[in-house]
Structures are given as C-alpha cells and as structure tokens.
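Text of entry_38.cif, listed as mmCIF, C-alpha atoms:
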```cif
data_run
loop_
_atom_site.label_atom_id
_atom_site.label_comp_id
_atom_site.auth_asym_id
_atom_site.auth_seq_id
_atom_site.Cartn_x
_atom_site.Cartn_y
_atom_site.Cartn_z
CA ASP A 1 106.14 87.65 83.00
CA ALA A 2 105.17 86.66 86.54
CA GLY A 3 103.31 89.91 87.06
CA VAL A 4 103.69 92.17 90.08
CA ILE A 5 104.93 90.12 93.00
CA GLN A 6 104.19 91.08 96.58
CA SER A 7 105.37 89.51 99.78
CA PRO A 8 104.30 88.41 102.24
CA ARG A 9 100.72 87.48 101.29
CA HIS A 10 99.60 87.67 104.89
CA GLU A 11 101.17 89.36 107.90
CA VAL A 12 99.96 89.28 111.47
CA THR A 13 101.90 91.39 113.91
CA GLU A 14 101.56 92.92 117.32
CA MET A 15 100.98 96.60 117.83
CA GLY A 16 104.24 98.50 118.01
CA GLN A 17 106.19 96.13 115.80
CA GLU A 18 107.83 97.12 112.53
CA VAL A 19 106.27 95.77 109.36
CA THR A 20 107.92 95.68 105.94
CA LEU A 21 105.97 94.93 102.79
CA ARG A 22 107.77 94.14 99.56
CA CYS A 23 107.00 94.55 95.89
CA LYS A 24 108.67 93.50 92.66
CA PRO A 25 107.15 95.34 89.67
CA ILE A 26 106.88 94.00 86.15
CA SER A 27 110.22 94.19 84.38
CA GLY A 28 110.38 97.29 82.21
CA HIS A 29 107.65 99.17 84.04
CA ASN A 30 108.84 102.54 85.29
CA SER A 31 105.96 103.61 87.53
CA LEU A 32 105.17 101.92 90.84
CA PHE A 33 102.24 102.58 93.14
CA TRP A 34 101.33 101.55 96.68
CA TYR A 35 97.62 101.43 97.51
CA ARG A 36 95.74 100.51 100.67
CA GLN A 37 92.25 99.00 100.66
CA THR A 38 89.82 98.98 103.56
CA MET A 39 86.10 98.41 103.74
CA MET A 40 85.50 101.92 105.00
CA ARG A 41 87.70 103.89 102.61
CA GLY A 42 88.09 101.66 99.55
CA LEU A 43 91.31 101.93 97.56
CA GLU A 44 93.57 104.80 98.54
CA LEU A 45 96.87 105.77 96.97
CA LEU A 46 99.68 105.95 99.50
CA ILE A 47 102.66 106.85 97.32
CA TYR A 48 103.93 106.44 93.79
CA PHE A 49 107.31 106.43 92.07
CA ASN A 50 108.37 107.25 88.53
CA ASN A 51 111.80 105.96 87.54
CA ASN A 52 112.46 105.07 91.19
CA VAL A 53 111.81 108.65 92.34
CA PRO A 54 108.92 109.35 94.74
CA ILE A 55 106.49 111.67 92.98
CA ASP A 56 103.55 111.98 95.33
CA ASP A 57 103.52 110.75 98.92
CA SER A 58 100.62 112.89 100.07
CA GLY A 59 98.59 109.76 100.73
CA MET A 60 101.01 108.40 103.31
CA PRO A 61 98.93 108.70 106.47
CA GLU A 62 101.62 109.44 109.01
CA ASP A 63 105.35 109.57 109.59
CA ARG A 64 105.09 105.98 110.73
CA PHE A 65 104.82 105.06 107.05
CA SER A 66 107.80 105.16 104.72
CA ALA A 67 108.48 103.77 101.25
CA LYS A 68 111.61 103.22 99.23
CA MET A 69 112.48 102.15 95.73
CA PRO A 70 116.23 101.52 95.65
CA ASN A 71 116.13 100.17 92.10
CA ALA A 72 113.73 99.53 89.26
CA SER A 73 112.91 96.01 90.40
CA PHE A 74 112.16 96.43 94.09
CA SER A 75 110.18 98.58 96.49
CA THR A 76 109.35 98.42 100.18
CA LEU A 77 106.64 99.93 102.32
CA LYS A 78 107.50 100.10 106.00
CA ILE A 79 105.28 100.83 108.98
CA GLN A 80 107.04 101.58 112.25
CA PRO A 81 105.49 101.32 114.78
CA SER A 82 102.40 99.51 113.55
CA GLU A 83 98.94 100.16 114.99
CA PRO A 84 95.66 98.20 114.78
CA ARG A 85 94.17 100.86 112.47
CA ASP A 86 96.84 100.02 109.92
CA SER A 87 95.12 96.68 109.34
CA ALA A 88 94.19 96.57 105.65
CA VAL A 89 95.16 95.02 102.35
CA TYR A 90 98.13 96.74 100.77
CA PHE A 91 98.48 96.55 97.01
CA CYS A 92 101.40 97.34 94.78
CA ALA A 93 100.88 98.17 91.11
CA SER A 94 103.15 99.02 88.21
CA SER A 95 102.82 100.51 84.74
CA TRP A 96 104.83 101.83 81.82
CA ARG A 97 103.95 105.51 82.29
CA GLY A 98 100.27 104.63 82.03
CA GLN A 99 100.53 102.97 78.64
CA GLY A 100 98.92 99.59 78.60
CA GLY A 101 97.24 100.17 81.91
CA TYR A 102 98.19 99.21 85.42
CA THR A 103 98.93 95.73 86.77
CA PHE A 104 98.26 95.00 90.40
CA GLY A 105 99.88 92.47 92.68
CA SER A 106 97.88 90.04 94.78
CA GLY A 107 98.23 92.24 97.85
CA THR A 108 99.44 91.80 101.40
CA ARG A 109 96.77 91.38 104.05
CA LEU A 110 98.09 93.04 107.18
CA THR A 111 96.53 92.44 110.58
CA VAL A 112 97.88 94.36 113.56
CA VAL A 113 96.66 93.02 116.90
CA LYS B 1 90.38 116.90 92.84
CA GLN B 2 89.12 114.04 90.70
CA GLU B 3 86.20 112.10 92.12
CA VAL B 4 84.95 108.82 90.68
CA THR B 5 81.49 107.48 91.44
CA GLN B 6 80.05 104.10 90.58
CA ILE B 7 76.37 103.30 90.44
CA PRO B 8 74.85 101.05 91.60
CA ALA B 9 76.89 100.06 94.63
CA ALA B 10 75.43 96.56 94.51
CA LEU B 11 73.49 94.60 91.93
CA SER B 12 71.89 91.18 91.98
CA VAL B 13 70.60 89.66 88.73
CA PRO B 14 69.53 86.25 87.47
CA GLU B 15 71.86 84.39 85.18
CA GLY B 16 71.59 85.32 81.51
CA GLU B 17 70.71 88.96 81.94
CA ASN B 18 72.55 91.71 80.14
CA LEU B 19 73.63 94.43 82.54
CA VAL B 20 75.25 97.83 82.66
CA LEU B 21 77.55 99.21 85.32
CA ASN B 22 78.04 102.95 85.47
CA CYS B 23 81.06 105.09 86.30
CA SER B 24 81.22 108.88 86.40
CA PHE B 25 84.14 111.20 87.00
CA THR B 26 84.25 114.90 87.76
CA ASP B 27 87.28 116.04 85.73
CA SER B 28 87.00 115.12 82.06
CA ALA B 29 90.72 115.73 81.37
CA ILE B 30 91.66 112.09 81.79
CA TYR B 31 94.44 110.09 80.15
CA ASN B 32 93.07 106.56 80.54
CA LEU B 33 90.13 104.79 82.12
CA GLN B 34 90.47 101.23 83.31
CA TRP B 35 87.94 98.69 84.52
CA PHE B 36 89.02 96.06 87.05
CA ARG B 37 87.45 93.02 88.60
CA GLN B 38 88.10 92.01 92.20
CA ASP B 39 87.03 88.68 93.65
CA PRO B 40 86.58 88.43 97.44
CA GLY B 41 89.93 88.35 99.21
CA LYS B 42 91.81 88.66 95.93
CA GLY B 43 93.71 91.28 93.98
CA LEU B 44 92.57 93.43 91.07
CA THR B 45 92.37 91.95 87.59
CA SER B 46 92.37 94.35 84.66
CA LEU B 47 89.41 93.87 82.35
CA LEU B 48 89.53 96.72 79.86
CA LEU B 49 91.62 99.82 79.27
CA ILE B 50 90.18 102.74 77.32
CA GLN B 51 92.60 105.44 76.26
CA SER B 52 91.31 109.00 76.12
CA SER B 53 91.25 108.98 72.31
CA GLN B 54 89.08 105.87 72.24
CA ARG B 55 85.36 105.54 72.72
CA GLU B 56 85.06 101.86 73.55
CA GLN B 57 86.85 98.59 74.08
CA THR B 58 85.55 95.04 73.87
CA SER B 59 86.72 91.76 75.33
CA GLY B 60 84.50 88.74 74.98
CA ARG B 61 81.18 89.43 76.68
CA LEU B 62 82.46 92.74 78.07
CA ASN B 63 82.19 96.11 76.39
CA ALA B 64 83.28 99.37 77.95
CA SER B 65 82.46 102.79 76.56
CA LEU B 66 83.88 106.19 77.37
CA ASP B 67 82.34 109.63 76.96
CA LYS B 68 84.92 112.09 78.21
CA SER B 69 82.84 115.18 77.61
CA SER B 70 80.11 113.97 79.92
CA GLY B 71 82.49 112.31 82.36
CA ARG B 72 80.97 108.86 82.02
CA SER B 73 81.91 105.30 81.29
CA THR B 74 79.78 102.19 81.20
CA LEU B 75 80.70 98.54 81.43
CA TYR B 76 78.28 96.28 79.60
CA ILE B 77 78.22 92.58 80.48
CA ALA B 78 76.31 90.38 78.08
CA ALA B 79 74.63 87.13 79.06
CA SER B 80 75.79 87.27 82.67
CA GLN B 81 77.00 84.10 84.39
CA PRO B 82 77.44 83.15 88.05
CA GLY B 83 81.19 83.32 87.47
CA ASP B 84 80.84 87.04 86.78
CA SER B 85 79.99 87.60 90.45
CA ALA B 86 82.64 89.97 91.81
CA THR B 87 83.25 93.63 92.55
CA TYR B 88 83.86 95.78 89.50
CA LEU B 89 86.02 98.87 89.90
CA CYS B 90 86.41 101.82 87.60
CA ALA B 91 89.59 103.91 87.77
CA VAL B 92 90.77 107.01 85.92
CA GLU B 93 94.29 108.21 85.26
CA GLU B 94 94.77 111.92 84.73
CA GLY B 95 98.19 111.86 83.16
CA ALA B 96 100.72 109.34 81.87
CA GLY B 97 102.33 107.64 84.81
CA ASN B 98 100.06 109.35 87.29
CA MET B 99 97.99 107.77 89.99
CA LEU B 100 94.70 105.98 89.43
CA THR B 101 91.65 107.35 91.19
CA PHE B 102 89.16 104.60 91.96
CA GLY B 103 85.42 104.54 92.30
CA GLY B 104 83.83 102.72 95.20
CA GLY B 105 82.98 99.71 93.05
CA THR B 106 79.84 97.81 92.10
CA ARG B 107 79.34 94.50 93.87
CA LEU B 108 77.70 92.15 91.39
CA MET B 109 75.98 88.90 92.19
CA VAL B 110 74.67 86.72 89.37
CA LYS B 111 72.28 84.05 90.63
CA PRO B 112 72.03 80.67 88.89
#
```

Rewritten as structure tokens:
Amino acid sequence: DAGVIQSPRHEVTEMGQEVTLRCKPISGHNSLFWYRQTMMRGLELLIYFNNNVPIDDSGMPEDRFSAKMPNASFSTLKIQPSEPRDSAVYFCASSWRGQGGYTFGSGTRLTVV
Amino acid sequence: KQEVTQIPAALSVPEGENLVLNCSFTDSAIYNLQWFRQDPGKGLTSLLLIQSSQREQTSGRLNASLDKSSGRSTLYIAASQPGDSATYLCAVEEGAGNMLTFGGGTRLMVKP
C-alpha cells in the first residue's frame, strides 16, 4: 500500500485566496483525521470522520475551515479565505477504527503570505 | 479532557547511551497508546503501538511500556545512534476510531 497520500506537499498562497488540501487514506481504513501542526501549539486535531461521516469538528478553528469526505478514498480540507495565521503543516491520518494504530501522510506545508 | 505530557522536552546524549523518554496522561481509560518519530520537516512515522491490554511492545532497539493505572508510558532506546536524532511523540487514543491526543514531544539529539 502506498500509505496515506496528501497533496500538495507545499502550498504558498496569498492572503484571501482559497486553499484546498487533499488526502487519500489507506484502502480499507474507515477513520480519517485532519491535524494541524505549528511550533506554538504542536499537533491539534481539526476534524475526524468515521465511515465518511464527520464525528468531531470541534477543532476546526473558524467557519473559514471546512472538510468533506465524499467517499472512503478521498477527503478535502478547504480554507476560504486564507490568512497568514493559517500557515502550518496539515497532516491527514487514517486508521481501521484504531486497530493497528494510525498512519500519517507526509503533510502539506501551507504558507499564507 | 485528556492531557498528554512528555518529559524531557529536549535531550542530548552521546552515541551509545541507553535512554528513556517519558509520557504521562491524565485519563487512564485509554484504548491504545502509540509512539511516533518525526524528523525535521517530515511526517510522523509510527514506531510502536501498545493496546490497552498490553504492557509493552518491542521493535529492535526500541521498547515501549505502558502502565495504565498510573497513566504512564516509557520509550526505551538502547545503544543510541546519531540516526535516532528526531522528535519522539507519544499519543493516546481513548476509544476505537477516536482521535489521538498528542504530547508535546521530546526532541532527541544523539551526538557522534
């Protein structure tokens, strides 16, 4: 298996622009998580899905953030409009209901200027 | 709310030393505990997964133990090498398919 695949690896955008991050979980995994990592706050959960259904989005910082999982093999995290304070590394992870642990993607490094 | 703490925050040792990284959590009702490694600018690599019914897991020079009742886990690295230099993260899962709560990590540097 190719693991959890995220795209793009790097994104530089101007403040106010829309940003879409993408994630393909491991085939067969039914839980998907979006995390954000910054130096100041470490790893924070933004939202997670079980069987494509959002379970907990309390970590989504503002209405500017939205996430979807239209099917078991694809998820997006969208920021609209983006702000410089959104600059961080965004990770996607997947698991089979916690069994076998979690597998993380390589992350998307977002820079908003 | 679960809180995970890792001590020390940073550690520098000479090559060859055996070392212990500590992780504590406030709610002992956990499902799994997982140790990750993160190299600078990279993603998280899973090292060891300890299920709540287990007390330890081993992989090569790494050994992780879990004491749920006291809310503690330790990661033991034997005969450390410069290639072990990275940030080590501890994370707990409170229920199957639930979120992971991460500690702040221990930044390890092993000097040749």

Just the residues within 9 Å of B:Phe25, please, counting only C-alpha atoms, with nothing from its chain fewer than 6 positions along; format it as a VMD selection string. chain B and resid 2 to 6 68 70 to 73 92 103

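Residues surrounding B:Met99 within 8 Å are A:Phe33, A:Leu45, A:Tyr48, B:Glu93, B:Glu94 [all atoms listed in the file; sequence separation below 5 positions excluded].
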
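Taking atom CA of A:Thr108 and atom CA of A:Arg9 as the two end points, the separation is 4.5 Å.
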
Counting all atoms listed in the file, which residues from chain A have an atom at most 12 Å from any atom of chain B, and could you show them as a ChimeraX atom specification? /A:3-6,9-10,29-51,54-59,88-109

Using all atoms listed in the file, the shortest atom-to-atom distance to B:Cys90 among B:Ala10, B:Cys23, B:Ile30, B:Val110 belongs to B:Cys23

Using all atoms of stretch 77-89 of chain B that appear in the file, construct an axis-aligned enclosing box with 5 Å of padding on every side and provide its centre coordinates and edge lengths in Å, rounded to one decimal, as AutoDock Vina command-line options.
```
--center_x 80.3 --center_y 91.0 --center_z 85.3 --size_x 21.4 --size_y 25.7 --size_z 24.5
```

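What the PyMOL selection byres ((chain B and resi 75) around 8) grabs from this file is B:Val20, B:Leu21, B:Asn22, B:Trp35, B:Leu62, B:Asn63, B:Ala64, B:Ser65, B:Ser73, B:Thr74, B:Tyr76, B:Ile77.
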
With a distance cut-off of 7 Å and only C-alpha atoms, select the neighbouring residues of A:Ala67, excluding the residue or stretch itself and same-chain residues fewer than 3 positions from it, and output the selection as a list in words.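 Selected residues are Thr76, Leu77 and Lys78 of chain A.
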
How would you write, as JSON, numbers by chain, the residues chosen by the PyMOL selection byres ((chain A and resi 12) around 10) on this structure? {"A": [10, 11, 13, 14, 15, 19, 87, 109, 110, 111, 112, 113]}

File dump, residues just selected, C-alpha atoms, as an mmCIF file, keeping the file's coordinate frame:
```
data_model
loop_
_atom_site.group_PDB
_atom_site.id
_atom_site.type_symbol
_atom_site.label_atom_id
_atom_site.label_comp_id
_atom_site.auth_asym_id
_atom_site.auth_seq_id
_atom_site.Cartn_x
_atom_site.Cartn_y
_atom_site.Cartn_z
ATOM 1 C CA HIS A 10 99.600 87.670 104.890
ATOM 2 C CA GLU A 11 101.170 89.360 107.900
ATOM 3 C CA THR A 13 101.900 91.390 113.910
ATOM 4 C CA GLU A 14 101.560 92.920 117.320
ATOM 5 C CA MET A 15 100.980 96.600 117.830
ATOM 6 C CA VAL A 19 106.270 95.770 109.360
ATOM 7 C CA SER A 87 95.120 96.680 109.340
ATOM 8 C CA ARG A 109 96.770 91.380 104.050
ATOM 9 C CA LEU A 110 98.090 93.040 107.180
ATOM 10 C CA THR A 111 96.530 92.440 110.580
ATOM 11 C CA VAL A 112 97.880 94.360 113.560
ATOM 12 C CA VAL A 113 96.660 93.020 116.900
#
```

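Matched in the shown structure by the PyMOL selection byres ((chain A and resi 16) around 8): Glu14, Met15, Gln17, Glu18, Gln80, Pro81, Ser82 and Glu83 of chain A.
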
Please produce a file of those selected residues containing C-alpha atoms, as a compact mmCIF listing (two decimals), in the coordinates of the input.
```
# COMPACT_ATOMS: atom_id res chain seq x y z
CA GLU A 14 101.56 92.92 117.32
CA MET A 15 100.98 96.60 117.83
CA GLN A 17 106.19 96.13 115.80
CA GLU A 18 107.83 97.12 112.53
CA GLN A 80 107.04 101.58 112.25
CA PRO A 81 105.49 101.32 114.78
CA SER A 82 102.40 99.51 113.55
CA GLU A 83 98.94 100.16 114.99
```

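Atom CA of A:Ser7 sits 16.8 Å away from atom CA of A:Ala72.
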
At what distance in Å, to one decimal, does atom CA of B:Asp39 lie from atom CA of B:Tyr88?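 It comes out at 8.8 Å.
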